[in-house]
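Written below as structure tokens is the structure these notes are about.
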Amino acid sequence: MNSTNCPLDTLAQTDTLLEKFREEVFEGLHSKPKRLPSKYFYDKAGDKLFQQIMACPEYYLTDCELEIFQSKAAELAQTITSVNGDFDLIELGAGDATKSQYLLRYLSDQKVDFSYMPIDISGNILSVLEKRLKAEIKGLDITCLEGEYFDRLGIAARLSPRRKVVMLLGANIGNMEPREAAVFCKKLRTHLKTGDLVLIGFDLKKHPQVIWDAYNDRAGITSRFNLNLLQRINRELNGDFDLDQFVHYQSYDPLTGACRSYLVSKTDQEVLVAGQPIDFRQDEIISMEISQKYDPEEITSMAKQAGFMPIGYFTDSRNWFLDTIWQCVDLY
């Protein structure tokens, strides 16, 4: 099972993704307050900017989860393989597999029978990922699937009857409102069978300043990352956003755990997107992203309400980040 993209006609898929991008951008910009889906941050330029964000000294999340996968790969693998049988390891939002590569390498070294199916909305990052992993992990069975999580998860299920181990790392679940995250977990459970596993990364609540600094780096890379989505709209949807007329603003509420990114219009202005005018008032915001933080009790409750049972907890040395393994239990 070796493929760079999903087994669909590439041009047709590209047209479908572009149309969905257009629809979701218009839906968001006509909402009150205005919003844009953060999943569209990751075009080629966005991929590069996010790599730079992860290298920022303020951005602790990558280092924390990387520490878990570097130091506890054997423990993670032991928990995953405690359920007998070969399996498909499916990573949602795989990116460049910075963390998961340590688990992949350990499983391969232990001669575990598994296939790796990274799913990502960025075809660019998947092509880079496949080339690198094939060179670094000899014999790795990899099938890259470009597109939305659940669409590609359905294809992964049809490609193989083996049991599934689904990974969602990088605190990606935090990019959903808590209610959305709960719905997501319940939907994920419906795509899996009893005994399948899920490995999910959560950013834990901690000192508010540490969290705020992580999303407001002094070098301004996070600002450019947010503004890049406007540039993508200009390029792909024939927009005319003036990036100099918007500024990035970050907030964190330690009571709710919600860390939010916004773009703020500096002036009254009209922007054209695909020939349609969008009006902005001075100081009007575009909601760009939420990065929700959780405590362990909230995470356990989310698992149980969605039809999972936590069977493993793995934290970094500072207890700032948690990777937890959930097992699918019978639904009644």
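Identifiers in this document derive from the order of the structure tokens: chains are assigned A, B, ..., residues are numbered from 1 separately in each chain, and ligands are numbered from 1 in order of occurrence.
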Near-Ser261 (chain A) list (8 Å; only C-alpha atoms; drop same-chain fewer than 4 positions) as a PyMOL selection string: chain A and resi 215+248-251+287-290
Selection above as a file: N, CA and C atoms, as a short mmCIF file (atom, residue, chain, number, x, y, z; two decimals), in the first residue's frame:
data_model
loop_
_atom_site.label_atom_id
_atom_site.label_comp_id
_atom_site.auth_asym_id
_atom_site.auth_seq_id
_atom_site.Cartn_x
_atom_site.Cartn_y
_atom_site.Cartn_z
N TYR A 215 1.92 31.77 21.94
CA TYR A 215 1.14 32.16 20.77
C TYR A 215 1.33 33.62 20.41
N HIS A 248 -2.35 41.10 14.14
CA HIS A 248 -2.62 39.91 14.95
C HIS A 248 -2.81 40.30 16.42
N TYR A 249 -3.81 39.67 17.06
CA TYR A 249 -4.06 39.87 18.50
C TYR A 249 -4.30 38.53 19.15
N GLN A 250 -3.69 38.32 20.34
CA GLN A 250 -3.79 37.04 21.04
C GLN A 250 -4.39 37.23 22.42
N SER A 251 -5.22 36.27 22.86
CA SER A 251 -5.78 36.32 24.21
C SER A 251 -5.74 34.93 24.84
N SER A 287 -11.98 36.00 13.86
CA SER A 287 -11.54 34.92 14.75
C SER A 287 -10.81 33.87 13.91
N MET A 288 -9.55 33.61 14.26
CA MET A 288 -8.70 32.76 13.43
C MET A 288 -8.52 31.35 14.00
N GLU A 289 -8.33 31.26 15.32
CA GLU A 289 -8.01 29.94 15.88
C GLU A 289 -8.24 29.93 17.38
N ILE A 290 -8.71 28.79 17.87
CA ILE A 290 -8.70 28.52 19.29
C ILE A 290 -7.68 27.43 19.56
#
Tell me, as a compact mmCIF listing (two decimals) with N, CA and C atoms, in the first residue's frame, which residues lie within 9 Å of Asp196 (chain A), counting only C-alpha atoms; anything in the same chain fewer than 3 positions away does not count.
# COMPACT_ATOMS: atom_id res chain seq x y z
N VAL A 83 -2.87 -4.93 22.75
CA VAL A 83 -4.01 -5.53 22.06
C VAL A 83 -3.44 -6.32 20.89
N ARG A 163 -7.15 -3.91 12.54
CA ARG A 163 -7.57 -3.00 13.60
C ARG A 163 -6.87 -1.66 13.44
N LYS A 164 -7.47 -0.63 14.00
CA LYS A 164 -6.99 0.73 13.79
C LYS A 164 -6.45 1.32 15.09
N VAL A 165 -5.33 2.05 14.94
CA VAL A 165 -4.80 2.89 16.00
C VAL A 165 -4.70 4.29 15.40
N VAL A 166 -5.54 5.19 15.89
CA VAL A 166 -5.63 6.54 15.33
C VAL A 166 -4.91 7.52 16.24
N LEU A 192 -14.78 3.70 14.34
CA LEU A 192 -13.88 2.68 14.86
C LEU A 192 -14.67 1.51 15.45
N LYS A 193 -13.96 0.43 15.68
CA LYS A 193 -14.57 -0.76 16.25
C LYS A 193 -14.11 -0.96 17.68
N TRP A 326 -6.67 5.94 24.41
CA TRP A 326 -8.04 5.52 24.71
C TRP A 326 -8.36 4.26 23.92
N GLN A 327 -9.08 3.35 24.56
CA GLN A 327 -9.57 2.15 23.87
C GLN A 327 -11.07 2.26 23.64
N CYS A 328 -11.50 1.87 22.44
CA CYS A 328 -12.93 1.88 22.12
C CYS A 328 -13.63 0.79 22.93
N VAL A 329 -14.69 1.17 23.61
CA VAL A 329 -15.49 0.21 24.37
C VAL A 329 -16.84 0.06 23.69
Coordinates-based distance that separates CA of Leu36 (chain A) from CA of Arg218 (chain A) (Å, one decimal):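 One can read the CA of Arg218 (chain A) to CA of Leu36 (chain A) distance as 23.9 Å.
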Leu29 (chain A) environment, 10 Å, only C-alpha atoms, sequence neighbours closer than 3 positions dropped, as JSON, numbers by chain: {"A": [24, 25, 26, 32, 33, 34, 35, 36, 273, 278, 279, 280, 286, 287]}
Residues of region 172-319 of chain A in strand (DSSP E or B), written as an MDAnalysis selection string: chainID A and resid 197:204 246:253 258:265 269:273 276:280 285:292 294 308:315
Contact residues around Gln305 (chain A) with only C-alpha atoms at 10 Å, ignoring same-chain residues under 5 positions, as number ranges by chain: A: 182-183, 185-186, 300
Selection: 12 Å around Phe314 (chain A), only C-alpha atoms, excl. self and same-chain fewer than 6 positions, as a count of residues only: 27
For region 40-43 of chain A: contacts at 10 Å, only C-alpha atoms, fewer than 6 positions along chain excluded, given as a ChimeraX atom specification: /A:21,24-25,49-50,95,120-125,225-230,232-233,288-289
Non-local contacts of Arg162 (chain A) (8 Å; only C-alpha atoms; under 4 positions in same chain excluded) as a VMD selection string: chain A and resid 86 to 88
One-decimal distance in Å that lies between CA of Arg152 (chain A) and CA of Thr81 (chain A): 23.8 Å
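Among the candidates A:Arg22, A:Arg132, A:Arg318, A:Arg281, the residue lying nearest to Val264 (chain A) is A:Arg281 (atoms considered: only C-alpha atoms).
Using only C-alpha atoms, the shortest contact distance between Pro208 (chain A) and any of A:Ile285, A:Ile137, A:Lys293, A:Arg179 is found at A:Lys293.
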Counting only C-alpha atoms, the option among A:Phe150, A:Pro161, A:Ala258, A:Gly195 closest to Met176 (chain A): A:Ala258
Nearest to Tyr294 (chain A) by atom-to-atom distance, counting only C-alpha atoms, from A:Leu140, A:Met117, A:Ile173, A:Leu92: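 Nearest to Tyr294 (chain A): A:Ile173.
Proximity of A:Met309, A:Leu129, A:Leu17, A:Val112 to Asp151 (chain A), computed with only C-alpha atoms, is greatest for A:Leu17.
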Nearest to Glu19 (chain A), chosen from A:Gly239, A:Pro310, A:Met54, A:Ala274, with only C-alpha atoms counted in the distances: A:Ala274
Computed interatomic separation between CA of Leu272 (chain A) and CA of Gly46 (chain A) (Å):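 Spanning CA of Leu272 (chain A) to CA of Gly46 (chain A) is a straight-line distance of 21.9 Å.
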Backbone DSSP call of helix (DSSP H, G or I) for region 14-226 of chain A, listed as a VMD selection string: chain A and resid 14 to 29 38 to 41 44 to 54 60 to 71 73 to 81 100 to 109 123 to 136 149 to 159 172 to 175 178 to 190 208 to 214 221 to 226
